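Novice: The structure under discussion is supplied below as C-alpha cells; questions concerning it will follow.
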Amino acid sequence: MPKNRIRALRAVLAPLLALGLAACEEGQSQVPKGAPPPPQVTVARPVTKTVVERDEYVGRFVAVDAIEVRARVSGYLEAVHFRDGQTVKKGDLLFTIDRRPFETALSQARAGLGQAQANLAYAQSDLARAEGLTVGNVISRQTYDQRMQAKRVAEAAVAAQQAAVRQAELDLEFTELRAPVSGRIGDRRVSPGNLVMGGTSGTTTLLATIQSTDPIRFEFTLDESSYLRYLRLADRSPDLANDGGNVPVRLKLLDESEFMREGRMDFVDNAIDRSSGTIRGRAVFANPDGKLTPGMFGRIQVAAGPPAQALLLPDAAIGTEQVRKFVLVVDEDNVARAKYVTLGPLVEGLRVISSGLAASDRVIINGLMRARPGSKVAPQQSTASAPAGDRPAAN
C-alpha cells in the first residue's frame, strides 16, 4: 500500500480511536468501584447520675376536715352571713336563728333559779333556828329532820334551776351557728325564713358544708406486691419506710407535666382490701393558695428505693424487639452490637437503664434505624441529653 494512503488512513482512524477510548473511560467511571460507605450515626456514653427510683400512682384529694353545718336548736332561720363558696375562718358567724323564743326561755329559767334560791335561803334559816334549840326538849327529832330535809330539797331545786339556766344559755348560744373549722364553704341549703329542725336526731336540717383546704390530703391505693416491696425496703432503709413515716413524695395535677408539688406520707392503712388486693395510702400537702380541691385527681410518685447511681439514655436510643428492649453499642472496630437492657423510670427526660449496659459503652443515640447489628458504622461522638420538650423548666 502506498505510504500516502497509509498516512491518510491513520489521520482518519486516530480521532475515532481517541473518541472510543474516552467513551470507555466515561462508562467505567459510572460503575461502582466497591461497597457503599458505612452509615453515619451519633454515639454517646450513658449519663451517670444519682437518682431515686419512684413508683407512680393515681389518686384524689380529700379534705382533712369535712363538716356538715346543722342546727342544734329548732327555729326559724333569720339571716345568712356568708357568700356561697367563700373561704371562712374558724369562729366566723354563718347563720342566725330567731333568738326571741330562747331569750324568753332563758328569762324563765333565771326566774325559776331565783325562786329556788329564795326557798333555799328560807330552809337554811329555818334549819339554823332548829340547830340552836335542844333536840328532844324544845323541838322533836322529827321536826329537826323535816327542816334538814327541806334544806336539802331546796339545794337540789337550786341545782336543777342552775342546770336549766345553763341549758337555756346554750340554746340561746346555738342560735348563732359559727364555722367549726377554717376552709371553703359550699352553698347555703336553706334560705332565711324557713323552719330549721335542730337537735341530735337524723332529721336535723343540713344548712351548709365546709371543706378544709390547707393542708389537704391525697389518697391512693397500691397493690400488694408494691406494699411488700416497701416493707422489705423499710428493713434496709428505715428513712424510706413507706408506713406513714413522713416519707417525702411528689405530685402533679392532670394538666401539669412535671412533679413539682412536694408533700409527705402520713398514713398507710392497717389492712389489705380483700376484694381488690390493694391497700390505701395517704399523703399530706400544703395548699396555701387553695388550688388543690377535694375530689381532684392527681398523680403521685413514691420512692421505691434509696438513692443510687444509675445510667440514663434518651428514649430515642432504645429499640424494641418483640417484648425485649435493646440498644446498639459501637465497639472498637466501629461495629454495631446489640445489648438487651432493662428499663427503669423516666428521670428529667432521660430513661433509667436498670441493667444490661456499662458506663463505658458507646451507644447509638441518633441513626438507630440506619445501623444494623454486626455492620460497620461511622460514629460521631456526642453527649446524651433529653429532648428539648422533655427537659425540665429552669427555676
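Going by the C-alpha cells order, chains are called A, B, ..., each with residues numbered from 1, while ligands are numbered from 1 in the order shown.
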Kindly provide the residues of range 30-86 of chain A that approach range 336-348 of chain A to within 8 Å, each paired with its closest atom pair and their distance in Å to one decimal, based on only C-alpha atoms, listed by chain and increasing number, as a Markdown table.

Specialist:
```
| residue | atom | partner | partner_atom | distance |
| --- | --- | --- | --- | --- |
| A:Val51 | CA | A:Val347 | CA | 7.8 |
| A:Glu53 | CA | A:Pro345 | CA | 6.7 |
| A:Arg54 | CA | A:Pro345 | CA | 7.3 |
```

Novice: Name the residues in contact with Val58 in chain A at a cut-off of 9 Å, using only C-alpha atoms, excluding same-chain residues fewer than 4 positions from it; report them as a ChimeraX atom specification.

Specialist: /A:219-221,297-300

Novice: Could you give me, as a list in words, the residues within 12 Å of Arg351 in chain A, counting only C-alpha atoms and dropping anything in the same chain fewer than 6 positions from it?

Specialist: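 Here the qualifying residues turn out to be Pro46, Val47, Thr48, Lys49, Val51, Glu53, Ala310, Leu311, Leu312, Leu313, Pro314, Asp315, Ala316, Ala317, Ile318, Val341, Thr342, Leu343, Gly344, Pro345, Ala384, Ser385, Ala386, Pro387 and Asp390 of chain A.
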
Novice: So which residues touch Arg110 in chain A within 12 Å, counting only C-alpha atoms, skipping near sequence neighbours fewer than 6 positions away, as a list in words?

Specialist: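 Contacts, in chain order: Glu103, Thr104, Ala116, Gln117, Val158, Ala160, Gln161, Gln162, Ala163, Ala164, Val165, Arg166, Gln167, Ala168 and Glu169 of chain A.
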
Novice: May I have the residues within 10 Å of Gly186 in chain A as a ChimeraX atom specification, using only C-alpha atoms and disregarding those fewer than 3 positions away in the same chain?

Specialist: /A:82-87,183,189,207-211

Novice: Provide the CA of Met265 in chain A to CA of Asp223 in chain A distance in Å, to one decimal place.

Specialist: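 So the two atoms, CA of Met265 in chain A and CA of Asp223 in chain A, lie 16.6 Å apart.
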
Novice: Give me every strand (DSSP E) residue in range 144-382 of chain A, going by DSSP on the backbone, as a PyMOL selection string.

Specialist: chain A and resi 176-178+183-185+195-196+206-211+216-223+248-253+261-268+278-285+297-303+308-313+319-321+324-330+336-347+350-355+363-366+378-381

Novice: Just checking: using only C-alpha atoms, which residue out of A:Gln301, A:Asn246, A:Thr175, A:Ser354 ends up closest to Leu222 in chain A?

Specialist: A:Gln301

Novice: Which residues are close to Glu173 in chain A, i.e. within 12 Å by only C-alpha atoms, leaving aside same-chain residues fewer than 4 positions away? Reply as a CSV table (one decimal) with N, CA and C atoms, in the first residue's frame.

Specialist:
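So out04.csv came out as:
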```
chain,number,residue,atom,x,y,z
A,71,ALA,N,-78.1,22.7,112.5
A,71,ALA,CA,-78.6,23.4,113.7
A,71,ALA,C,-78.7,22.5,114.9
A,72,ARG,N,-78.4,23.1,116.1
A,72,ARG,CA,-78.6,22.3,117.3
A,72,ARG,C,-80.0,22.6,118.0
A,73,VAL,N,-80.6,23.7,117.5
A,73,VAL,CA,-81.9,24.0,118.1
A,73,VAL,C,-82.8,24.3,116.9
A,93,LEU,N,-69.2,33.8,111.9
A,93,LEU,CA,-70.7,33.7,112.0
A,93,LEU,C,-71.2,33.3,110.7
A,95,PHE,N,-74.8,31.5,110.3
A,95,PHE,CA,-76.3,31.5,110.3
A,95,PHE,C,-76.8,32.1,111.6
A,96,THR,N,-77.9,32.7,111.6
A,96,THR,CA,-78.6,33.2,112.8
A,96,THR,C,-80.0,32.7,112.8
A,97,ILE,N,-80.4,32.0,113.9
A,97,ILE,CA,-81.8,31.5,114.1
A,97,ILE,C,-82.5,32.6,115.0
A,98,ASP,N,-83.8,32.7,114.8
A,98,ASP,CA,-84.6,33.7,115.6
A,98,ASP,C,-84.3,33.5,117.1
A,99,ARG,N,-83.8,34.5,117.8
A,99,ARG,CA,-83.3,34.3,119.2
A,99,ARG,C,-84.4,34.6,120.2
A,100,ARG,N,-85.6,35.2,119.8
A,100,ARG,CA,-86.5,35.7,120.8
A,100,ARG,C,-87.1,34.5,121.6
A,102,PHE,N,-85.8,31.8,122.6
A,102,PHE,CA,-84.7,31.3,123.5
A,102,PHE,C,-84.4,32.4,124.6
A,103,GLU,N,-84.5,33.6,124.2
A,103,GLU,CA,-84.3,34.7,125.2
A,103,GLU,C,-85.4,34.6,126.3
A,106,LEU,N,-84.7,31.7,128.5
A,106,LEU,CA,-83.6,32.0,129.5
A,106,LEU,C,-84.1,32.8,130.6
A,166,ARG,N,-78.3,27.1,132.5
A,166,ARG,CA,-77.2,26.8,131.6
A,166,ARG,C,-77.6,26.2,130.3
A,167,GLN,N,-78.7,25.4,130.3
A,167,GLN,CA,-79.2,24.8,129.1
A,167,GLN,C,-79.9,25.9,128.2
A,168,ALA,N,-80.6,26.8,128.9
A,168,ALA,CA,-81.2,27.9,128.2
A,168,ALA,C,-80.2,28.9,127.6
A,169,GLU,N,-79.1,29.1,128.3
A,169,GLU,CA,-78.0,29.9,127.7
A,169,GLU,C,-77.3,29.2,126.5
A,177,LEU,N,-74.8,30.1,114.5
A,177,LEU,CA,-74.0,29.0,114.0
A,177,LEU,C,-72.7,29.5,113.5
A,178,ARG,N,-71.6,29.1,114.0
A,178,ARG,CA,-70.3,29.6,113.6
A,178,ARG,C,-69.5,28.5,113.0
```

Novice: Leu292 in chain A: which residues within 9 Å, counting only C-alpha atoms, same-chain residues fewer than 5 positions away excluded, as a PDB file with C-alpha atoms, in the first residue's frame?

Specialist:
```
ATOM      1  CA  PHE A  61     -57.556  14.787  97.110  1.00  0.00           C
ATOM      2  CA  THR A 213     -58.205  23.194 102.232  1.00  0.00           C
ATOM      3  CA  ASP A 214     -54.849  23.847 103.907  1.00  0.00           C
ATOM      4  CA  ILE A 216     -55.003  18.842 102.162  1.00  0.00           C
ATOM      5  CA  LEU A 253     -52.041  17.518  88.539  1.00  0.00           C
ATOM      6  CA  ASN A 287     -52.215  24.226  99.947  1.00  0.00           C
TER       7      ASN A 287
END
```

Novice: Which value, in Å to one decimal, gives the distance between CA of Ala79 in chain A and CA of Met197 in chain A?

Specialist: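 One can read the CA of Ala79 in chain A to CA of Met197 in chain A distance as 15.5 Å.
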
Novice: Quick one: pull the distance between CA of Met296 in chain A and CA of Ala283 in chain A, Å, one decimal.

Specialist: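 Taking CA of Met296 in chain A as the start and CA of Ala283 in chain A as the end point, the length is 14.2 Å.
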
Novice: A:Leu228, A:Arg280, A:Leu350, A:Leu368: which is nearest Thr320 in chain A, counting only C-alpha atoms?

Specialist: A:Leu368

Novice: Please determine, counting only C-alpha atoms, which residue among A:Ser355, A:Ser226, A:Val335, A:Thr203 has the shortest atom-to-atom distance to Gly374 in chain A.

Specialist: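 Counting only C-alpha atoms, the residue closest to Gly374 in chain A is A:Val335.
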